[in-house]
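Working notes for the structure below.
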Amino acid sequence: MTFDFGIAHRKHGSGEITVDDISYSVGDREGNVVELIDRCSFHGERGLFTALVGPSGCGKTTIMNMIAGYFAPDRGTISLDGVKIAGPGWERLMVFQETALFPWMTTLDNVIYGPMVRAEKPLRQIKQDASALLQKFGLGEFGDRYPRELSGGMQRRGELARALINDPLVLLMDEPFRGLDAMTRQLMQKYLVDLFEETRTTTIFVTSEIDEAIFLADRLVILSGSPAKVVSVIEVTLPRPRNFEMLSSPVYAGIKERALEILYAEAVAAFAGHGVTSDLKESFERRRVV
Amino acid sequence: MAFEIANIDGSADNAAEPSRPRKFLLRHASFMVGSLTILLLGLAWEFARPLGLPGLSRLPAPTAIVAASAELLHSPMFWEACYKSTLRIISGFCLAQIVGIPLGFIMATNRTIFNSAFPVAESLRPIPPVAWIPISIIFWPTREASTIFIVFLGAFWIVLLNTIGGVSTIDQTYRRAALSLGSSRGHLLRYIIFPATLPTIVTGMVISMGICWEMVVAAEMIAGDTGLGYLLWQSFEISATAQVLVCMFTIGLAGFLSSAAIRKLGRLLTPWSPNE
């Protein structure tokens with residue numbers, strides 16, 4: 001099964017994100033400084049799908065928010081095609097963890113929102129484009145429904161449409177499939193892979209699921225827990241177009257084994273401070289028997 | 001609710017094709033039960049009076065109240081009172097929305113204005129609107145204006161605080177998504193902040209409508225020369241107790257109907273919110 005989108009694609013990919021040596025810390029309630037990100041560097045290469053993988057709560061979302069431009073790192077820079085990011089902009093669009101479709105707008109109004117406020121085209125044409133896009137996303141009949149009336153999978157597709165109608169240079173996805181049931185999640189993963197392979201929009205995708213990351217991405221950036229540090233970068237050498245059969249290939253198993261090894265080592269190190277190392281090691285060892 | 005009742009009385013077997021009167025009964029089951037309860041309470045009241053319960057025997061019987069209401073419903077004075085009170089409610093309520101909602105938005109989106117205006121609001125708010133009546137009579141040129149002012153005050157604080165609260169609890173994500181998509185400050189206010197706050201504003205409207213009826217009756221009792229509150233107090237002064245009770249029930253009914261109307265309006269304004 002392959003989804004067909006018919007959206008214009010860029011042969012050479014779109015934007016390139018460079019995260020260069022960024023750190024970020026916040027003050028907690030007692031006035032202590034808590035370091036969330038510690039000197040992170042990685043590349044979101046042009047036309048590639050980069051997955052940030054790490055334990056939940058390790059600061060992945062914070063990195064994404066800084067790439068989106070909602071706040072700036074304390075030190076280091078993030079740039080898009082060599083230009084330093086200074087604030088939010090529609091060339092870097094985020095698909096949020098839980099749906100961020102505006103609940104008070106119909107699906108169609110949500111999708112036209114970006115082009116409408118920027119007034120680049122006459123509204124009638126924007127509406128036509130949006131309807132065509134919704135059709136391609138299997139939401140043709142749901143344009144006049146409110147997000148509340150859509151299923152979880154439809155909401156995520158609606159949100160993808162709302163981002164892609166703006167033709168962003170970079171798509172930022174922060175655990176977009178969290179909270180979906182297993183079937184819908186798999187379907188959405190395949191959907192996203194097909195969409196990416198067709199449009200080749202540079203994508204940075206945050207997840208804590210290693211299988212999801214390998215299936216979708218060209219490159220895994222593995223982060224350690226608080227404060228977030230890049231521990232390893234793994235190239236995913238699986239060919240494109242991707243399909244679920246690849247999940248049982250030896251290449252896949254090898255990549256997963258390497259990634260898990262690094263993640264386990266990090267988790268054990270993180271727990272070492274709490275004096276539960278031996279227990280944890282044991283349970284990890286048990287889980288590793290695949 | 002209606003379904004549960006249908007199952008209990010064993011009508012589930014022909015639930016697939018209920019007859020028309022049956023359907024009507026099912027749909028209005030809760031209304032029927034409610035009316036029946038009120039009727040039973042009335043009957044209990046009627047027949048408990050001769051038992052000589054303290055207090056109760058001094059009140060008129062429900063039959064006497066029905067007779068008094070029939071009489072009152074034919075007098076133009078009663079309708080004049082209803083009309084006056086309703087007019088005051090509408091004026092005070094609408095003024096509170098017109099002043100409170102924009103002020104709430106301005107206070108919630110501008111830190112300087114918030115910091116200077118909020119302490120003033122917080123120190124005036126705990127004063128019950130009824131306590132304002134004397135000052136209001138002195139300040140405003142007519143009794144009419146002072147009554148409307150009291151009604152206004154009753155609704156105003158709720159409207160103001162609900163609007164401020166609504167704006168400040170908007171999910172950060174919506175604002176961020178809108179900013180990324182290229183919104184200006186004006187776009188944010190019009191397409192994000194205003195609609196996101198609307199459900200809270202509607203809640204404020206419903207609550208404040210109830211307070212408005214409390215305030216109009218209190219103000220008319222103390223300072224009025226017309227209106228339902230005034231009529232109620234006059235009836236008491238001439239010992240027409242049945243008439244007092246009719247006024248009470250009228251006020252209750254009017255309050256109920258106006259709250260229902262506001263709720264209906266709220267549903268029209270926020271078609272995206274789930275019906276509770």
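For the structure tokens, the naming scheme is as follows: chains receive sequential letters (A, B, ...) according to their order of presentation, residues are indexed from 1 within each chain, and ligands are indexed from 1 in presentation order.
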Using only C-alpha atoms, determine which residues lie at most 8 Å from range 256-267 of chain A, disregarding the query and same-chain residues fewer than 4 positions distant; provide the list as a list in words.
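Selected residues are Gly54, Ile210, Asp211, Ile214, Ile222, Ser224, Gly225, Val231, Ser232, Ile234, Tyr252, Phe271 and Phe284 of chain A.
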Can you spit out the residues from that selection as a PDB file, in the first residue's frame, using N, CA and C atoms?
ATOM      1  N   GLY A  54      15.417   9.759  22.223  1.00  0.00           N
ATOM      2  CA  GLY A  54      15.965   9.842  23.571  1.00  0.00           C
ATOM      3  C   GLY A  54      14.879   9.564  24.570  1.00  0.00           C
ATOM      4  N   ILE A 210      12.023   3.676  19.289  1.00  0.00           N
ATOM      5  CA  ILE A 210      13.149   3.409  18.398  1.00  0.00           C
ATOM      6  C   ILE A 210      12.687   2.828  17.057  1.00  0.00           C
ATOM      7  N   ASP A 211      11.661   1.976  17.081  1.00  0.00           N
ATOM      8  CA  ASP A 211      11.183   1.372  15.837  1.00  0.00           C
ATOM      9  C   ASP A 211      10.637   2.425  14.882  1.00  0.00           C
ATOM     10  N   ILE A 214      13.557   4.414  13.336  1.00  0.00           N
ATOM     11  CA  ILE A 214      14.314   3.737  12.277  1.00  0.00           C
ATOM     12  C   ILE A 214      13.473   3.626  11.005  1.00  0.00           C
ATOM     13  N   ILE A 222      20.851  10.409  18.602  1.00  0.00           N
ATOM     14  CA  ILE A 222      20.477   9.839  19.900  1.00  0.00           C
ATOM     15  C   ILE A 222      20.917  10.764  21.014  1.00  0.00           C
ATOM     16  N   SER A 224      21.022  11.849  25.179  1.00  0.00           N
ATOM     17  CA  SER A 224      21.002  11.313  26.541  1.00  0.00           C
ATOM     18  C   SER A 224      20.024  12.136  27.357  1.00  0.00           C
ATOM     19  N   GLY A 225      19.734  11.637  28.540  1.00  0.00           N
ATOM     20  CA  GLY A 225      18.784  12.328  29.406  1.00  0.00           C
ATOM     21  C   GLY A 225      19.376  13.554  30.047  1.00  0.00           C
ATOM     22  N   VAL A 231      24.595  11.845  22.023  1.00  0.00           N
ATOM     23  CA  VAL A 231      25.546  10.778  22.336  1.00  0.00           C
ATOM     24  C   VAL A 231      26.017  10.069  21.089  1.00  0.00           C
ATOM     25  N   SER A 232      25.155  10.014  20.090  1.00  0.00           N
ATOM     26  CA  SER A 232      25.556   9.256  18.925  1.00  0.00           C
ATOM     27  C   SER A 232      24.678   9.640  17.729  1.00  0.00           C
ATOM     28  N   ILE A 234      23.410   7.863  14.165  1.00  0.00           N
ATOM     29  CA  ILE A 234      23.419   6.613  13.409  1.00  0.00           C
ATOM     30  C   ILE A 234      22.748   6.844  12.070  1.00  0.00           C
ATOM     31  N   TYR A 252      17.940  -3.690   9.502  1.00  0.00           N
ATOM     32  CA  TYR A 252      17.097  -3.050  10.505  1.00  0.00           C
ATOM     33  C   TYR A 252      17.476  -3.519  11.910  1.00  0.00           C
ATOM     34  N   PHE A 271      20.666   6.219  35.813  1.00  0.00           N
ATOM     35  CA  PHE A 271      20.121   5.659  37.036  1.00  0.00           C
ATOM     36  C   PHE A 271      21.201   5.377  38.075  1.00  0.00           C
ATOM     37  N   PHE A 284      17.166  -4.741  32.038  1.00  0.00           N
ATOM     38  CA  PHE A 284      17.534  -4.420  30.653  1.00  0.00           C
ATOM     39  C   PHE A 284      18.073  -5.653  29.947  1.00  0.00           C
TER      40      PHE A 284
END
Within 7 Å of chain B, which residues of chain A show up when using only C-alpha atoms, listed as a ChimeraX atom specification?
/A:88-90,93,100,102-104,114,117-118,146
CA of Cys212 in chain B and CA of Leu265 in chain B are how many Å apart?
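If I compute the distance from CA of Cys212 in chain B to CA of Leu265 in chain B, I get 17.1 Å.
Distance-wise, CA of Ala117 in chain B and CA of Ile148 in chain B end up 23.4 Å apart.
Comparing B:His28, B:Arg125, B:Arg263, B:Lys23 by their smallest distance to Ile158 in chain B, the closest is B:Arg125 (using only C-alpha atoms).
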Could you give me, as a VMD selection string, the residues within 9 Å of range 165-175 of chain A, counting only C-alpha atoms and dropping anything in the same chain fewer than 2 positions from it?
(chain A and resid 13 to 17 44 46 to 47 60 to 61 64 67 to 68 80 90 to 98 111 to 112 114 to 115 129 to 130 133 160 to 163 177 to 178 201 to 208) or (chain B and resid 181)
Env of range 69-76 of chain B: 10 Å cut, atoms = only C-alpha atoms, seq-sep filter 5 positions within chain, self excluded. Answer as a VMD selection string.
chain B and resid 63 to 64 81 to 82 242 to 247 249 to 250
Could you tell me which of B:Gly227, B:Pro129, B:Phe78, B:Glu46 comes closest to Val66 in chain B if we count only C-alpha atoms?
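The closest residue to Val66 in chain B is B:Glu46.
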Neighbouring residues of Phe244 in chain A were defined as those with any atom within 10 Å, considering only C-alpha atoms; residues of the same chain fewer than 2 positions away were excluded. Please report them as an MDAnalysis selection string.
chainID A and resid 186 189:190 215 242 246:249
Could you take the residues named above and write them with N, CA, C and O atoms, as a PDB file, in the first residue's frame?
ATOM      1  N   GLN A 186       0.564   2.993  13.114  1.00  0.00           N
ATOM      2  CA  GLN A 186       1.286   2.367  12.014  1.00  0.00           C
ATOM      3  C   GLN A 186       0.876   2.952  10.679  1.00  0.00           C
ATOM      4  O   GLN A 186       1.712   3.241   9.825  1.00  0.00           O
ATOM      5  N   GLN A 189       2.416   6.267  10.262  1.00  0.00           N
ATOM      6  CA  GLN A 189       3.851   6.183   9.973  1.00  0.00           C
ATOM      7  C   GLN A 189       4.076   5.929   8.489  1.00  0.00           C
ATOM      8  O   GLN A 189       4.897   6.580   7.848  1.00  0.00           O
ATOM      9  N   LYS A 190       3.302   5.003   7.951  1.00  0.00           N
ATOM     10  CA  LYS A 190       3.427   4.696   6.521  1.00  0.00           C
ATOM     11  C   LYS A 190       3.040   5.918   5.691  1.00  0.00           C
ATOM     12  O   LYS A 190       3.684   6.257   4.702  1.00  0.00           O
ATOM     13  N   PHE A 215      12.201   3.304  11.169  1.00  0.00           N
ATOM     14  CA  PHE A 215      11.339   3.137  10.006  1.00  0.00           C
ATOM     15  C   PHE A 215      11.223   4.429   9.193  1.00  0.00           C
ATOM     16  O   PHE A 215      11.233   4.405   7.964  1.00  0.00           O
ATOM     17  N   ARG A 242      10.359   3.151   1.702  1.00  0.00           N
ATOM     18  CA  ARG A 242      10.313   2.251   2.850  1.00  0.00           C
ATOM     19  C   ARG A 242       8.986   1.502   2.890  1.00  0.00           C
ATOM     20  O   ARG A 242       7.964   2.002   2.428  1.00  0.00           O
ATOM     21  N   MET A 246      10.607  -4.147   5.742  1.00  0.00           N
ATOM     22  CA  MET A 246      11.994  -3.869   6.114  1.00  0.00           C
ATOM     23  C   MET A 246      12.244  -4.014   7.606  1.00  0.00           C
ATOM     24  O   MET A 246      13.381  -4.158   8.043  1.00  0.00           O
ATOM     25  N   LEU A 247      11.162  -3.988   8.385  1.00  0.00           N
ATOM     26  CA  LEU A 247      11.314  -4.104   9.832  1.00  0.00           C
ATOM     27  C   LEU A 247      11.866  -5.470  10.224  1.00  0.00           C
ATOM     28  O   LEU A 247      12.355  -5.648  11.328  1.00  0.00           O
ATOM     29  N   SER A 248      11.797  -6.461   9.294  1.00  0.00           N
ATOM     30  CA  SER A 248      12.328  -7.777   9.644  1.00  0.00           C
ATOM     31  C   SER A 248      13.659  -8.061   8.945  1.00  0.00           C
ATOM     32  O   SER A 248      14.146  -9.180   8.979  1.00  0.00           O
ATOM     33  N   SER A 249      14.238  -7.026   8.317  1.00  0.00           N
ATOM     34  CA  SER A 249      15.512  -7.244   7.627  1.00  0.00           C
ATOM     35  C   SER A 249      16.667  -7.203   8.627  1.00  0.00           C
ATOM     36  O   SER A 249      16.566  -6.591   9.685  1.00  0.00           O
TER      37      SER A 249
END
Interatomic distance (Å, one decimal) between CA of Leu153 in chain B and CA of Ala261 in chain B
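Between CA of Leu153 in chain B and CA of Ala261 in chain B the gap is 20.9 Å.
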Give me every alpha helix (DSSP H) residue in range 55-143 of chain B, going by DSSP on the backbone, as a ChimeraX atom specification.
/B:62-73,76-109,111-124,133-139,143
Which of range 1-96 of chain A fall in strand (DSSP E), as a PyMOL selection string:
chain A and resi 17-27+33-44+49-53+75-80+83-84+92-95
Output file for the residues above (N, CA, C and O atoms, as a short mmCIF file (atom, residue, chain, number, x, y, z; two decimals), in the first residue's frame):
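New file out07.cif:
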data_model
loop_
_atom_site.label_atom_id
_atom_site.label_comp_id
_atom_site.auth_asym_id
_atom_site.auth_seq_id
_atom_site.Cartn_x
_atom_site.Cartn_y
_atom_site.Cartn_z
N ILE A 17 18.83 22.58 8.50
CA ILE A 17 18.89 23.10 9.87
C ILE A 17 20.24 22.73 10.47
O ILE A 17 20.66 21.58 10.41
N THR A 18 20.92 23.74 11.02
CA THR A 18 22.17 23.46 11.71
C THR A 18 22.02 23.87 13.17
O THR A 18 21.76 25.04 13.46
N VAL A 19 22.14 22.89 14.05
CA VAL A 19 22.10 23.18 15.48
C VAL A 19 23.55 23.15 15.93
O VAL A 19 24.21 22.11 15.84
N ASP A 20 24.03 24.31 16.39
CA ASP A 20 25.45 24.42 16.66
C ASP A 20 25.73 24.75 18.13
O ASP A 20 25.54 25.88 18.56
N ASP A 21 26.11 23.72 18.87
CA ASP A 21 26.62 23.89 20.23
C ASP A 21 25.66 24.67 21.14
O ASP A 21 26.06 25.60 21.83
N ILE A 22 24.39 24.27 21.16
CA ILE A 22 23.42 25.03 21.95
C ILE A 22 23.30 24.48 23.37
O ILE A 22 23.41 23.30 23.61
N SER A 23 23.09 25.41 24.30
CA SER A 23 22.79 25.06 25.69
C SER A 23 21.56 25.86 26.11
O SER A 23 21.31 26.95 25.60
N TYR A 24 20.82 25.29 27.04
CA TYR A 24 19.64 26.00 27.52
C TYR A 24 19.36 25.58 28.96
O TYR A 24 19.42 24.40 29.29
N SER A 25 19.09 26.54 29.81
CA SER A 25 18.75 26.18 31.19
C SER A 25 17.60 27.06 31.67
O SER A 25 17.35 28.14 31.15
N VAL A 26 16.89 26.57 32.66
CA VAL A 26 15.78 27.34 33.25
C VAL A 26 15.96 27.36 34.76
O VAL A 26 16.67 26.53 35.33
N GLY A 27 15.29 28.32 35.41
CA GLY A 27 15.31 28.36 36.86
C GLY A 27 14.13 27.59 37.41
O GLY A 27 13.04 27.69 36.88
N VAL A 33 19.38 26.76 39.04
CA VAL A 33 19.44 26.70 37.59
C VAL A 33 19.45 25.24 37.16
O VAL A 33 20.28 24.45 37.62
N VAL A 34 18.49 24.87 36.34
CA VAL A 34 18.42 23.49 35.86
C VAL A 34 18.81 23.47 34.39
O VAL A 34 18.19 24.14 33.57
N GLU A 35 19.85 22.70 34.11
CA GLU A 35 20.33 22.64 32.74
C GLU A 35 19.50 21.63 31.96
O GLU A 35 19.37 20.48 32.38
N LEU A 36 18.89 22.06 30.86
CA LEU A 36 18.06 21.15 30.07
C LEU A 36 18.81 20.62 28.85
O LEU A 36 18.69 19.47 28.48
N ILE A 37 19.58 21.53 28.22
CA ILE A 37 20.32 21.16 27.02
C ILE A 37 21.78 21.52 27.26
O ILE A 37 22.07 22.62 27.72
N ASP A 38 22.67 20.57 26.97
CA ASP A 38 24.08 20.83 27.23
C ASP A 38 24.89 20.64 25.95
O ASP A 38 25.19 19.52 25.56
N ARG A 39 25.24 21.75 25.32
CA ARG A 39 26.13 21.78 24.16
C ARG A 39 25.76 20.73 23.10
O ARG A 39 26.54 19.85 22.78
N CYS A 40 24.57 20.88 22.55
CA CYS A 40 24.08 19.97 21.52
C CYS A 40 24.44 20.49 20.14
O CYS A 40 24.29 21.68 19.88
N SER A 41 24.87 19.59 19.28
CA SER A 41 25.09 19.96 17.88
C SER A 41 24.58 18.84 17.00
O SER A 41 24.84 17.67 17.29
N PHE A 42 23.84 19.17 15.96
CA PHE A 42 23.51 18.19 14.94
C PHE A 42 23.01 18.90 13.69
O PHE A 42 22.75 20.10 13.70
N HIS A 43 22.90 18.12 12.62
CA HIS A 43 22.48 18.64 11.33
C HIS A 43 21.13 18.08 10.96
O HIS A 43 20.92 16.89 11.07
N GLY A 44 20.22 18.92 10.52
CA GLY A 44 19.02 18.42 9.87
C GLY A 44 19.25 18.63 8.39
O GLY A 44 18.98 19.71 7.86
N PHE A 49 15.39 13.02 6.48
CA PHE A 49 14.49 12.85 7.62
C PHE A 49 15.36 12.52 8.83
O PHE A 49 15.99 11.48 8.89
N THR A 50 15.42 13.46 9.77
CA THR A 50 16.26 13.27 10.94
C THR A 50 15.38 13.00 12.16
O THR A 50 14.44 13.75 12.40
N ALA A 51 15.68 11.93 12.88
CA ALA A 51 14.88 11.63 14.07
C ALA A 51 15.71 11.89 15.31
O ALA A 51 16.84 11.44 15.42
N LEU A 52 15.14 12.65 16.25
CA LEU A 52 15.78 12.84 17.55
C LEU A 52 15.21 11.78 18.48
O LEU A 52 14.00 11.76 18.72
N VAL A 53 16.06 10.91 18.97
CA VAL A 53 15.59 9.83 19.83
C VAL A 53 16.22 9.98 21.20
O VAL A 53 17.40 10.30 21.31
N ARG A 75 23.22 29.72 24.76
CA ARG A 75 24.46 29.88 23.99
C ARG A 75 24.38 28.98 22.77
O ARG A 75 23.55 28.07 22.70
N GLY A 76 25.21 29.25 21.80
CA GLY A 76 25.17 28.50 20.55
C GLY A 76 24.11 29.08 19.62
O GLY A 76 23.37 29.99 20.01
N THR A 77 24.06 28.58 18.40
CA THR A 77 23.10 29.12 17.44
C THR A 77 22.39 27.99 16.71
O THR A 77 22.89 26.88 16.58
N ILE A 78 21.18 28.32 16.25
CA ILE A 78 20.46 27.43 15.35
C ILE A 78 20.24 28.22 14.08
O ILE A 78 19.83 29.38 14.14
N SER A 79 20.56 27.61 12.93
CA SER A 79 20.35 28.37 11.71
C SER A 79 19.65 27.54 10.65
O SER A 79 19.72 26.30 10.65
N LEU A 80 18.94 28.23 9.79
CA LEU A 80 18.27 27.61 8.65
C LEU A 80 18.97 28.12 7.40
O LEU A 80 19.00 29.33 7.15
N VAL A 83 21.22 30.99 7.95
CA VAL A 83 20.71 32.22 8.54
C VAL A 83 20.23 31.92 9.95
O VAL A 83 19.43 31.00 10.16
N LYS A 84 20.71 32.70 10.92
CA LYS A 84 20.36 32.43 12.31
C LYS A 84 18.85 32.61 12.54
O LYS A 84 18.25 33.58 12.06
N ARG A 92 9.52 27.17 8.98
CA ARG A 92 9.75 26.04 9.88
C ARG A 92 8.45 25.78 10.60
O ARG A 92 8.07 26.55 11.47
N LEU A 93 7.72 24.74 10.23
CA LEU A 93 6.41 24.54 10.85
C LEU A 93 6.40 23.30 11.72
O LEU A 93 6.95 22.27 11.38
N MET A 94 5.75 23.44 12.84
CA MET A 94 5.74 22.39 13.86
C MET A 94 4.40 21.65 13.83
O MET A 94 3.35 22.25 13.73
N VAL A 95 4.49 20.33 13.92
CA VAL A 95 3.30 19.52 14.19
C VAL A 95 3.43 19.08 15.64
O VAL A 95 4.39 18.40 15.99
#
Counting only C-alpha atoms, the option among B:Thr169, B:Gln234, B:Ile138, B:Glu80 closest to Thr200 in chain B
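Checking each candidate against Thr200 in chain B, we get B:Thr169 as the closest.
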